[in-house]
Amino acid sequence: MTRIKVIADILESNARIARQNAEIFNEVGLYVINLMGSPGAGKTSLLEWTVKALSEHLRIGVIEGDIQSSIDAERISRLGIKTVQINTGGACHLDGNMIRPALDDFNLKELDLLIVENVGNLVCPAEFELGEDAKVMLLSVTEGDDKPQKYPLMFQQSAVLLVNKVDLLPYVDCSVDVIEERSRALNTAIEVFPISCKTHEGLEPWSAWLKKHVGEKREGG
Amino acid sequence: MTIIHTIAIMFFDMHELAMAQAILDEAQQQVEAHRAHRVLTIRLQVGELSTAMPEALTFSFEVISKDTCAQDAKLDITRVPWRIRCSSCQKEYRVHDRLALCPECNSAGGETIAGKELMITEMEVE
């Protein structure tokens, strides 16, 4: 019997592919976000609003990740945005390799912003890098303010937390302040935007954040 | 009928499957590099913050390692506690119940210094 010291990161093979993806994005100055959240949190509604609000200023592409169906991709492409659907066929997250074929479908040089909507799930999407510039997480108030404690990795990895459906706050036992406080305990740098995709409340600061970061990446080259 | 359906969903839905595949790839490479025949034990560190469930990881590995040099290999998993360096007073402490509150100054949060691990540290082969 031989004992071998190994020290191998189990996620390294994915991380390597993600770094290659990041190089591709950096070469053309394309800003990429990985949008994560539970099923039904409002990810596709957020995308619809974001695309409508920014498509005059930015050239946007969308990759939709779902276990099955192309319902979401159809919703987005109706807005005149190039959208590629990835069906994971059971896998609960997207990884660096899965988005590769979708990247070939875009002319990345002609895009300013690529939004990858991950599979609806608060668990493993946080663990698999895609090569994105920022992870953006969407949580709805109907899910409760205990989620930062239950899914800490997701909150730790995200640059932005959008708290959706604030129009429903009078009807649910959930506090945006508590969500914010618990999220900051996990990630002091996280930016929190309370929003409603229904009433469009709070969405301006979010689109301003996006424009700023897309612009910085463009200028930085 | 229902039971079979549940197992199928469990199996195909698990992100641990992707992780188990990466462990198997590494094990096979090491066996080749050391001119060994089979893997006896694989020691892993899995942080408390990792989304990998040890039971699901073990189950996935059993399934995919069948008929490979790592069949019957034991996954020896050590859970690594979540530790934080307080953002206010810099004290390093272990987080209990997933609530990162500094025992020294009561501030919330800080830099995670351990607990995200998902790695192989050692293997026994023959």
# chains A, B, ... in the order shown; residues from 1 in each chain; ligands from 1
$ select_by_dssp --residues "chain B" --states "strand (DSSP E)" --output "VMD selection string"
chain B and resid 39 to 47 74 to 80 83 to 86 92 to 94 110 to 114 118 to 125
$ interface_residues --of "chain A" --to "chain B" --cutoff "12 Å" --atoms "only C-alpha atoms" --output "ChimeraX atom specification"
/A:1-15,67,88-95,97,119,121-128,146-157,180-190
$ write_last_selection --atoms "C-alpha atoms" --output "PDB file, in the first residue's frame"
ATOM      1  CA  MET A   1       0.000   0.000   0.000  1.00  0.00           C
ATOM      2  CA  THR A   2       1.279   3.453  -0.886  1.00  0.00           C
ATOM      3  CA  ARG A   3       0.167   6.688   0.653  1.00  0.00           C
ATOM      4  CA  ILE A   4       0.080   9.652  -1.711  1.00  0.00           C
ATOM      5  CA  LYS A   5      -0.194  13.273  -0.639  1.00  0.00           C
ATOM      6  CA  VAL A   6      -2.431  14.890  -3.201  1.00  0.00           C
ATOM      7  CA  ILE A   7      -3.922  18.330  -2.359  1.00  0.00           C
ATOM      8  CA  ALA A   8      -6.232  18.606  -5.332  1.00  0.00           C
ATOM      9  CA  ASP A   9      -9.158  21.007  -5.438  1.00  0.00           C
ATOM     10  CA  ILE A  10     -12.139  18.973  -6.580  1.00  0.00           C
ATOM     11  CA  LEU A  11     -13.585  21.937  -8.421  1.00  0.00           C
ATOM     12  CA  GLU A  12     -10.290  22.812 -10.125  1.00  0.00           C
ATOM     13  CA  SER A  13     -11.193  21.311 -13.504  1.00  0.00           C
ATOM     14  CA  ASN A  14     -14.277  23.531 -13.614  1.00  0.00           C
ATOM     15  CA  ALA A  15     -12.306  26.513 -12.311  1.00  0.00           C
ATOM     16  CA  ILE A  67     -33.337  21.690 -16.482  1.00  0.00           C
ATOM     17  CA  THR A  88     -29.068  20.767 -18.391  1.00  0.00           C
ATOM     18  CA  GLY A  89     -31.173  17.606 -18.627  1.00  0.00           C
ATOM     19  CA  GLY A  90     -31.275  17.133 -14.881  1.00  0.00           C
ATOM     20  CA  ALA A  91     -28.182  18.901 -13.598  1.00  0.00           C
ATOM     21  CA  CYS A  92     -29.064  21.430 -10.933  1.00  0.00           C
ATOM     22  CA  HIS A  93     -26.568  24.125 -11.989  1.00  0.00           C
ATOM     23  CA  LEU A  94     -24.624  25.455 -14.969  1.00  0.00           C
ATOM     24  CA  ASP A  95     -20.859  24.987 -15.048  1.00  0.00           C
ATOM     25  CA  ASN A  97     -18.124  23.756 -19.671  1.00  0.00           C
ATOM     26  CA  VAL A 119     -30.854  27.046 -12.989  1.00  0.00           C
ATOM     27  CA  ASN A 121     -31.552  26.814  -7.087  1.00  0.00           C
ATOM     28  CA  LEU A 122     -29.956  28.417  -4.015  1.00  0.00           C
ATOM     29  CA  VAL A 123     -27.431  25.651  -3.464  1.00  0.00           C
ATOM     30  CA  CYS A 124     -24.886  24.538  -6.039  1.00  0.00           C
ATOM     31  CA  PRO A 125     -24.843  27.375  -8.616  1.00  0.00           C
ATOM     32  CA  ALA A 126     -22.769  29.209  -5.988  1.00  0.00           C
ATOM     33  CA  GLU A 127     -20.104  26.532  -6.166  1.00  0.00           C
ATOM     34  CA  PHE A 128     -19.500  26.369  -9.941  1.00  0.00           C
ATOM     35  CA  ASP A 146     -33.810  33.213   7.060  1.00  0.00           C
ATOM     36  CA  LYS A 147     -32.280  32.354   3.684  1.00  0.00           C
ATOM     37  CA  PRO A 148     -28.843  33.929   4.322  1.00  0.00           C
ATOM     38  CA  GLN A 149     -28.370  31.534   7.247  1.00  0.00           C
ATOM     39  CA  LYS A 150     -29.654  28.547   5.312  1.00  0.00           C
ATOM     40  CA  TYR A 151     -27.690  29.104   2.106  1.00  0.00           C
ATOM     41  CA  PRO A 152     -24.632  31.085   3.242  1.00  0.00           C
ATOM     42  CA  LEU A 153     -22.354  30.251   0.318  1.00  0.00           C
ATOM     43  CA  MET A 154     -24.713  31.827  -2.210  1.00  0.00           C
ATOM     44  CA  PHE A 155     -24.753  35.105  -0.243  1.00  0.00           C
ATOM     45  CA  GLN A 156     -20.992  35.005   0.288  1.00  0.00           C
ATOM     46  CA  GLN A 157     -20.215  34.663  -3.402  1.00  0.00           C
ATOM     47  CA  GLU A 180     -29.692  42.886   4.551  1.00  0.00           C
ATOM     48  CA  GLU A 181     -28.188  42.531   8.017  1.00  0.00           C
ATOM     49  CA  ARG A 182     -27.794  38.752   7.716  1.00  0.00           C
ATOM     50  CA  SER A 183     -26.358  39.031   4.211  1.00  0.00           C
ATOM     51  CA  ARG A 184     -23.783  41.595   5.309  1.00  0.00           C
ATOM     52  CA  ALA A 185     -22.767  39.299   8.159  1.00  0.00           C
ATOM     53  CA  LEU A 186     -21.759  36.822   5.451  1.00  0.00           C
ATOM     54  CA  ASN A 187     -20.407  39.271   2.918  1.00  0.00           C
ATOM     55  CA  THR A 188     -19.600  42.825   4.008  1.00  0.00           C
ATOM     56  CA  ALA A 189     -19.188  44.021   0.407  1.00  0.00           C
ATOM     57  CA  ILE A 190     -22.559  42.788  -0.909  1.00  0.00           C
TER      58      ILE A 190
END
$ residues_around --residues "Glu191 of chain A" --least-positions-apart "6" --cutoff "10 Å" --atoms "only C-alpha atoms" --output "PyMOL selection string"
chain A and resi 136+158-162+180+183-184+206+209
$ write_last_selection --atoms "C-alpha atoms" --output "CSV table (one decimal), in the first residue's frame"
chain,number,residue,atom,x,y,z
A,136,VAL,CA,-25.9,38.5,-8.9
A,158,SER,CA,-22.6,37.3,-4.7
A,159,ALA,CA,-21.6,40.9,-5.5
A,160,VAL,CA,-25.2,42.0,-5.6
A,161,LEU,CA,-28.4,40.8,-3.8
A,162,LEU,CA,-31.7,41.9,-5.3
A,180,GLU,CA,-29.7,42.9,4.6
A,183,SER,CA,-26.4,39.0,4.2
A,184,ARG,CA,-23.8,41.6,5.3
A,206,TRP,CA,-29.9,48.2,-10.2
A,209,TRP,CA,-25.1,49.6,-11.1
$ select_by_dssp --residues "chain B" --states "helix (DSSP H, G or I)" --output "number ranges by chain"
B: 2-13, 16-33, 54-64
$ write_last_selection --atoms "C-alpha atoms" --output "short mmCIF file (atom, residue, chain, number, x, y, z; two decimals), in the first residue's frame"
data_model
loop_
_atom_site.label_atom_id
_atom_site.label_comp_id
_atom_site.auth_asym_id
_atom_site.auth_seq_id
_atom_site.Cartn_x
_atom_site.Cartn_y
_atom_site.Cartn_z
CA THR B 2 -42.74 6.01 -6.22
CA ILE B 3 -39.57 4.92 -4.50
CA ILE B 4 -37.74 4.23 -7.75
CA HIS B 5 -38.81 7.60 -9.09
CA THR B 6 -37.42 9.36 -6.01
CA ILE B 7 -34.07 7.62 -6.28
CA ALA B 8 -33.79 8.52 -9.93
CA ILE B 9 -34.40 12.19 -9.17
CA MET B 10 -31.94 12.10 -6.30
CA PHE B 11 -29.28 10.66 -8.51
CA PHE B 12 -29.64 12.93 -11.49
CA ASP B 13 -30.24 16.06 -9.50
CA GLU B 16 -22.30 15.83 -5.87
CA LEU B 17 -22.26 13.68 -9.00
CA ALA B 18 -20.10 16.24 -10.81
CA MET B 19 -17.84 16.43 -7.78
CA ALA B 20 -17.61 12.62 -7.52
CA GLN B 21 -16.58 12.50 -11.18
CA ALA B 22 -13.75 14.97 -10.50
CA ILE B 23 -12.60 12.84 -7.54
CA LEU B 24 -12.64 9.72 -9.72
CA ASP B 25 -10.66 11.49 -12.48
CA GLU B 26 -8.01 12.53 -9.98
CA ALA B 27 -7.87 9.02 -8.45
CA GLN B 28 -7.40 7.41 -11.85
CA GLN B 29 -4.61 9.84 -12.72
CA GLN B 30 -2.83 9.12 -9.44
CA VAL B 31 -3.11 5.35 -9.91
CA GLU B 32 -1.55 5.67 -13.34
CA ALA B 33 1.18 8.03 -12.14
CA PRO B 54 -20.94 13.87 2.48
CA GLU B 55 -23.62 11.15 2.20
CA ALA B 56 -24.57 12.18 -1.33
CA LEU B 57 -20.91 12.44 -2.32
CA THR B 58 -20.24 8.92 -1.03
CA PHE B 59 -23.32 7.57 -2.78
CA SER B 60 -22.43 9.25 -6.11
CA PHE B 61 -18.89 7.99 -5.89
CA GLU B 62 -20.02 4.42 -5.25
CA VAL B 63 -22.18 4.53 -8.35
CA ILE B 64 -19.68 6.03 -10.79
#
